[in-house]
Amino acid sequence: MRRTLAASAIYTAKRCSIHNALHIRSSALDAQVGNCISNRQALRHYHPSHICARAKGKSSRNRAPIKRDIGWLQKELSKGNVPEYATNPYRSGAAKKTAGGVRVVLDELKWPLDADIDERFAKRIRAVRLARFRRSDDARKRCAYFGISEKQFSEWSHRFSEAVLEEQIERMQPNFLIPLLIRSRVEGLDNYIVNQFFAYLEDSAPQLVKNIKYLREITDLRFPQEWAPGARKIQRRIIMHVGPTNSGKTYHALQRLQNTTLGVYCSPLRLLAHEVYSRMMSAGITCGLITGEDRRFPDYEALGINPKGYSSMGNPLTQIIACTIEMLPMQNYNVAVIDEIQMISDPARGWAWTGALLGLNAREIHLCGEPSAVPL
């Protein structure tokens, strides 16, 4: 009895191990078959004939993004051929998705080294980005700001692209684009193409861009020495008071301001301008206050005196004007005090100090600031 039970137990254990082994081999075989099937599908998906069939709309999966062989794209680019899908990977009627597919050739190919960026590479990249520019929604919106319609943009962008590819525009030639590609790559090239397109319209179709020339003139900041011709005609004396906080530099400048017949104090803060205004009025000096929130002038009738005159804005001329730097009235002065001159390097408000220093029509200008402002 014991021998029979032991034999049956051994037989059962062997049978189970054989079954498990067969099950494991079956699973491995199924996995291999599945891998072969998936590899076959992948090869069929990347086969050129299958790509052509899908491109012609013969496949039922015509709404999926077209996947292409990157090696074939490299060969086409080396020959100088730029396929259409390099800039628009989705066919007409397909959903414009951001994920999947070949968005731009530059996204898939590796960007070369700076030493390898030559005229041949610049020419190929120029063709790719020009085709992308013609289909760019951002470029259409920027043109719409100047009154250029969709139809006009399509027409003139096509003419612009043809002129560039025929090397008719000097600043769009490959030798001009090489430094730009090295410095800022395709992002800078896209902005450069838009700017050159507007310049092309100014020469070829000025009726479409009437306001661009005017906007460029009023926003041209290349020659600041020409901003204030009145200040350039007189000989100005500039005195700088340098020292730490509470060192008396502003006090000495205000003492000179009190002794003049027509002066101005430019403050970085409204409270400082109000403090100077109160000090001058308490000393019996006619003073005006001009800030973004407050405008005060002396009551000449109550004081029984007449103003020295009136400015171009109709305000009475006082002996002293205390104002914030942004509200500085541009008129003739004898003495001017600009406080906290080191703020001229501030990226947000430095423009006000720059405009005051360059444009103040005063024969004597006092600059008060920290020692860090001396190099400026």
# chains A, B, ... in the order shown; residues from 1 in each chain; ligands from 1
call {"tool": "closest_atom_pairs", "arguments": {"of": "range 199-315 of chain A", "to": "range 367-374 of chain A", "cutoff": "9 Å", "atoms": "only C-alpha atoms", "output": "tab-separated table"}}
result
residue	atom	partner	partner_atom	distance
A:Ile238	CA	A:Leu367	CA	7.3
A:Ile239	CA	A:Leu367	CA	6.1
A:Met240	CA	A:Leu367	CA	4.6
A:His241	CA	A:Cys368	CA	4.7
A:Val242	CA	A:Gly369	CA	5.4
A:Gly243	CA	A:Glu370	CA	5.4
A:Pro244	CA	A:Glu370	CA	5.9
A:Thr245	CA	A:Glu370	CA	7.9
A:Lys249	CA	A:Cys368	CA	6.3
A:Thr250	CA	A:Cys368	CA	6.1
A:Ala253	CA	A:Cys368	CA	7.8
call {"tool": "residues_around", "arguments": {"residues": "Lys233 in chain A", "least_positions_apart": "4", "cutoff": "10 Å", "atoms": "only C-alpha atoms", "output": "list in words"}}
result
Ala228, Pro229 and Asn361 of chain A
call {"tool": "closest_atom_pairs", "arguments": {"of": "range 199-298 of chain A", "to": "range 168-176 of chain A", "cutoff": "12 Å", "atoms": "only C-alpha atoms", "output": "Markdown table"}}
result
| residue | atom | partner | partner_atom | distance |
| --- | --- | --- | --- | --- |
| A:Ala199 | CA | A:Ile169 | CA | 10.3 |
| A:Tyr200 | CA | A:Ile169 | CA | 8.4 |
| A:Asp203 | CA | A:Ile169 | CA | 11.3 |
| A:Ser204 | CA | A:Ile169 | CA | 11.9 |
call {"tool": "residues_around", "arguments": {"residues": "Phe133 in chain A", "least_positions_apart": "3", "cutoff": "8 Å", "atoms": "only C-alpha atoms", "output": "list in words"}}
result
Arg129, Leu130, Ser136, Ala139, Asp190, Ile193 and Val194 of chain A
call {"tool": "write_last_selection", "arguments": {"atoms": "C-alpha atoms", "output": "PDB file, in the first residue's frame"}}
result
ATOM      1  CA  ARG A 129      11.584  77.551 -42.582  1.00  0.00           C
ATOM      2  CA  LEU A 130      10.226  79.560 -45.521  1.00  0.00           C
ATOM      3  CA  SER A 136       2.379  79.816 -39.828  1.00  0.00           C
ATOM      4  CA  ALA A 139       2.823  85.136 -38.933  1.00  0.00           C
ATOM      5  CA  ASP A 190      11.887  82.539 -37.922  1.00  0.00           C
ATOM      6  CA  ILE A 193      12.118  85.889 -41.900  1.00  0.00           C
ATOM      7  CA  VAL A 194       9.090  87.808 -40.600  1.00  0.00           C
TER       8      VAL A 194
END
call {"tool": "select_by_dssp", "arguments": {"residues": "range 210-324 of chain A", "states": "helix (DSSP H, G or I)", "output": "number ranges by chain"}}
result
A: 212-218, 224-226, 229-233, 249-258, 270-282, 300-303
call {"tool": "write_last_selection", "arguments": {"atoms": "C-alpha atoms", "output": "CSV table (one decimal), in the first residue's frame"}}
result
chain,number,residue,atom,x,y,z
A,212,ILE,CA,5.2,100.2,-40.4
A,213,LYS,CA,7.6,102.9,-41.5
A,214,TYR,CA,6.1,105.4,-39.1
A,215,LEU,CA,6.2,102.9,-36.2
A,216,ARG,CA,9.9,102.1,-36.9
A,217,GLU,CA,10.8,105.8,-36.9
A,218,ILE,CA,9.1,106.5,-33.5
A,224,PRO,CA,19.8,108.9,-28.3
A,225,GLN,CA,22.0,111.9,-28.8
A,226,GLU,CA,19.4,113.2,-31.3
A,229,PRO,CA,18.1,119.0,-29.9
A,230,GLY,CA,17.4,121.9,-27.5
A,231,ALA,CA,19.6,120.4,-24.8
A,232,ARG,CA,22.4,119.8,-27.4
A,233,LYS,CA,22.5,123.5,-28.4
A,249,LYS,CA,24.6,115.1,-1.0
A,250,THR,CA,20.9,116.0,-1.6
A,251,TYR,CA,21.0,118.8,1.0
A,252,HIS,CA,23.8,120.6,-0.8
A,253,ALA,CA,22.1,120.2,-4.2
A,254,LEU,CA,18.8,121.6,-2.7
A,255,GLN,CA,20.7,124.6,-1.3
A,256,ARG,CA,21.8,125.5,-4.8
A,257,LEU,CA,18.3,125.0,-6.1
A,258,GLN,CA,16.8,127.4,-3.6
A,270,ARG,CA,6.2,110.8,-4.6
A,271,LEU,CA,6.9,111.2,-0.9
A,272,LEU,CA,10.3,112.8,-1.6
A,273,ALA,CA,8.8,115.2,-4.1
A,274,HIS,CA,6.1,116.2,-1.5
A,275,GLU,CA,8.8,116.7,1.1
A,276,VAL,CA,10.8,119.1,-1.1
A,277,TYR,CA,7.5,120.9,-2.0
A,278,SER,CA,6.7,121.3,1.7
A,279,ARG,CA,10.2,122.5,2.5
A,280,MET,CA,10.2,125.1,-0.3
A,281,MET,CA,6.7,126.4,0.6
A,282,SER,CA,7.6,126.7,4.3
A,300,TYR,CA,-1.0,133.6,-6.2
A,301,GLU,CA,-4.1,135.6,-5.4
A,302,ALA,CA,-3.9,134.7,-1.7
A,303,LEU,CA,-0.2,135.5,-1.7
call {"tool": "residues_around", "arguments": {"residues": "Phe153 in chain A", "least_positions_apart": "3", "cutoff": "10 Å", "atoms": "only C-alpha atoms", "output": "PyMOL selection string"}}
result
chain A and resi 134+139-140+143-144+148-150+156-159
call {"tool": "residues_around", "arguments": {"residues": "Cys287 in chain A", "least_positions_apart": "4", "cutoff": "6 Å", "atoms": "only C-alpha atoms", "output": "PyMOL selection string"}}
result
chain A and resi 318-321
call {"tool": "write_last_selection", "arguments": {"atoms": "N, CA, C and O atoms", "output": "compact mmCIF listing (two decimals), in the first residue's frame"}}
result
# COMPACT_ATOMS: atom_id res chain seq x y z
N THR A 318 6.57 128.63 -11.57
CA THR A 318 7.00 128.90 -10.20
C THR A 318 8.52 128.90 -10.15
O THR A 318 9.21 128.53 -11.13
N GLN A 319 9.02 129.31 -9.01
CA GLN A 319 10.47 129.33 -8.88
C GLN A 319 11.05 127.93 -8.88
O GLN A 319 12.09 127.67 -9.51
N ILE A 320 10.37 127.00 -8.21
CA ILE A 320 10.83 125.62 -8.11
C ILE A 320 9.67 124.69 -8.49
O ILE A 320 8.50 124.96 -8.17
N ILE A 321 9.97 123.58 -9.14
CA ILE A 321 9.02 122.51 -9.42
C ILE A 321 9.57 121.23 -8.83
O ILE A 321 10.70 120.81 -9.15
call {"tool": "select_by_dssp", "arguments": {"residues": "range 142-303 of chain A", "states": "strand (DSSP E)", "output": "list of chain:residue names"}}
result
A:Arg237, A:Ile238, A:Ile239, A:Met240, A:His241, A:Val242, A:Gly263, A:Val264, A:Tyr265, A:Cys266, A:Ser267, A:Cys287, A:Gly288, A:Leu289, A:Ile290, A:Arg295, A:Arg296
call {"tool": "write_last_selection", "arguments": {"atoms": "all heavy atoms", "output": "compact mmCIF listing (two decimals), in the first residue's frame"}}
result
# COMPACT_ATOMS: atom_id res chain seq x y z
N ARG A 237 26.41 122.29 -17.60
CA ARG A 237 27.39 121.95 -16.57
C ARG A 237 26.78 120.89 -15.67
O ARG A 237 25.71 121.10 -15.09
CB ARG A 237 27.76 123.19 -15.75
CG ARG A 237 28.79 122.92 -14.66
CD ARG A 237 28.97 124.15 -13.79
NE ARG A 237 29.94 123.90 -12.71
CZ ARG A 237 30.14 124.72 -11.71
NH1 ARG A 237 29.44 125.85 -11.60
NH2 ARG A 237 31.04 124.43 -10.78
N ILE A 238 27.43 119.76 -15.54
CA ILE A 238 26.91 118.63 -14.77
C ILE A 238 27.78 118.44 -13.54
O ILE A 238 29.00 118.26 -13.64
CB ILE A 238 26.87 117.35 -15.62
CG1 ILE A 238 25.93 117.54 -16.82
CG2 ILE A 238 26.40 116.17 -14.78
CD1 ILE A 238 25.85 116.35 -17.73
N ILE A 239 27.16 118.50 -12.37
CA ILE A 239 27.84 118.33 -11.08
C ILE A 239 27.27 117.09 -10.42
O ILE A 239 26.05 116.94 -10.30
CB ILE A 239 27.62 119.56 -10.18
CG1 ILE A 239 28.11 120.83 -10.89
CG2 ILE A 239 28.33 119.39 -8.85
CD1 ILE A 239 27.78 122.10 -10.17
N MET A 240 28.15 116.22 -9.96
CA MET A 240 27.71 114.96 -9.36
C MET A 240 28.03 114.95 -7.88
O MET A 240 29.17 115.22 -7.47
CB MET A 240 28.37 113.78 -10.06
CG MET A 240 27.77 112.44 -9.70
SD MET A 240 28.13 111.18 -10.93
CE MET A 240 27.13 109.83 -10.29
N HIS A 241 27.02 114.64 -7.07
CA HIS A 241 27.16 114.51 -5.62
C HIS A 241 27.10 113.03 -5.28
O HIS A 241 26.06 112.38 -5.45
CB HIS A 241 26.04 115.27 -4.90
CG HIS A 241 25.95 116.72 -5.27
ND1 HIS A 241 26.52 117.72 -4.50
CD2 HIS A 241 25.37 117.34 -6.34
CE1 HIS A 241 26.28 118.89 -5.06
NE2 HIS A 241 25.59 118.69 -6.18
N VAL A 242 28.20 112.49 -4.80
CA VAL A 242 28.32 111.05 -4.53
C VAL A 242 28.55 110.86 -3.05
O VAL A 242 29.35 111.56 -2.43
CB VAL A 242 29.46 110.43 -5.35
CG1 VAL A 242 29.59 108.94 -5.03
CG2 VAL A 242 29.24 110.63 -6.83
N GLY A 263 14.02 126.44 -11.29
CA GLY A 263 14.67 125.15 -11.13
C GLY A 263 13.67 124.03 -11.00
O GLY A 263 12.45 124.25 -10.86
N VAL A 264 14.16 122.81 -10.99
CA VAL A 264 13.31 121.62 -10.90
C VAL A 264 14.05 120.58 -10.08
O VAL A 264 15.29 120.46 -10.14
CB VAL A 264 12.97 121.08 -12.31
CG1 VAL A 264 14.22 120.64 -13.06
CG2 VAL A 264 11.97 119.93 -12.23
N TYR A 265 13.27 119.83 -9.31
CA TYR A 265 13.80 118.71 -8.52
C TYR A 265 13.10 117.45 -9.00
O TYR A 265 11.86 117.34 -8.95
CB TYR A 265 13.55 118.92 -7.03
CG TYR A 265 13.84 117.69 -6.18
CD1 TYR A 265 15.15 117.31 -5.91
CD2 TYR A 265 12.80 116.92 -5.67
CE1 TYR A 265 15.42 116.19 -5.16
CE2 TYR A 265 13.06 115.80 -4.91
CZ TYR A 265 14.37 115.43 -4.65
OH TYR A 265 14.64 114.31 -3.90
N CYS A 266 13.87 116.47 -9.45
CA CYS A 266 13.34 115.19 -9.96
C CYS A 266 13.56 114.12 -8.90
O CYS A 266 14.71 113.82 -8.55
CB CYS A 266 14.03 114.81 -11.26
SG CYS A 266 13.91 116.05 -12.56
N SER A 267 12.46 113.55 -8.44
CA SER A 267 12.51 112.59 -7.34
C SER A 267 12.11 111.20 -7.83
O SER A 267 11.26 111.07 -8.72
CB SER A 267 11.57 113.04 -6.22
OG SER A 267 11.41 112.01 -5.26
N CYS A 287 6.58 127.14 -5.13
CA CYS A 287 6.94 125.80 -5.59
C CYS A 287 5.69 125.09 -6.10
O CYS A 287 4.60 125.25 -5.53
CB CYS A 287 7.60 124.98 -4.48
SG CYS A 287 8.17 123.34 -4.98
N GLY A 288 5.85 124.31 -7.14
CA GLY A 288 4.77 123.50 -7.68
C GLY A 288 5.07 122.03 -7.49
O GLY A 288 6.24 121.61 -7.46
N LEU A 289 4.03 121.23 -7.37
CA LEU A 289 4.15 119.78 -7.17
C LEU A 289 3.46 119.07 -8.32
O LEU A 289 2.27 119.30 -8.59
CB LEU A 289 3.53 119.37 -5.83
CG LEU A 289 3.53 117.86 -5.52
CD1 LEU A 289 4.96 117.34 -5.38
CD2 LEU A 289 2.72 117.58 -4.26
N ILE A 290 4.19 118.20 -9.00
CA ILE A 290 3.64 117.43 -10.12
C ILE A 290 4.03 115.97 -9.92
O ILE A 290 5.22 115.61 -9.99
CB ILE A 290 4.18 117.94 -11.47
CG1 ILE A 290 3.84 119.40 -11.68
CG2 ILE A 290 3.60 117.10 -12.61
CD1 ILE A 290 4.42 119.98 -12.97
N ARG A 295 -1.30 117.31 -8.38
CA ARG A 295 -0.76 118.50 -9.03
C ARG A 295 -1.15 119.71 -8.19
O ARG A 295 -2.34 120.00 -8.04
CB ARG A 295 -1.28 118.66 -10.46
CG ARG A 295 -0.77 117.59 -11.42
CD ARG A 295 -1.46 117.72 -12.77
NE ARG A 295 -1.00 116.69 -13.68
CZ ARG A 295 0.00 116.84 -14.55
NH1 ARG A 295 0.64 118.02 -14.61
NH2 ARG A 295 0.38 115.86 -15.34
N ARG A 296 -0.17 120.40 -7.66
CA ARG A 296 -0.43 121.55 -6.79
C ARG A 296 0.41 122.73 -7.26
O ARG A 296 1.58 122.58 -7.62
CB ARG A 296 -0.08 121.23 -5.34
CG ARG A 296 -0.86 120.07 -4.74
CD ARG A 296 -0.46 119.86 -3.29
NE ARG A 296 -1.07 118.67 -2.73
CZ ARG A 296 -0.88 118.25 -1.48
NH1 ARG A 296 -0.07 118.95 -0.67
NH2 ARG A 296 -1.45 117.15 -1.04
call {"tool": "closest_residue", "arguments": {"among": "A:Ser184, A:Asn332, A:Thr260, A:Gln196", "to": "Val164 in chain A", "atoms": "only C-alpha atoms"}}
result
A:Gln196
call {"tool": "atom_distance", "arguments": {"atom1": "CA of Asp294 in chain A", "atom2": "CA of Glu326 in chain A"}}
result
13.2 Å
call {"tool": "atom_distance", "arguments": {"atom1": "CA of Trp111 in chain A", "atom2": "CA of Tyr192 in chain A"}}
result
19.2 Å
call {"tool": "atom_distance", "arguments": {"atom1": "CA of Pro298 in chain A", "atom2": "CA of Gln331 in chain A"}}
result
19.1 Å
call {"tool": "closest_residue", "arguments": {"among": "A:Gly350, A:Glu364, A:Gln207, A:Arg185", "to": "Tyr333 in chain A", "atoms": "only C-alpha atoms"}}
result
A:Glu364
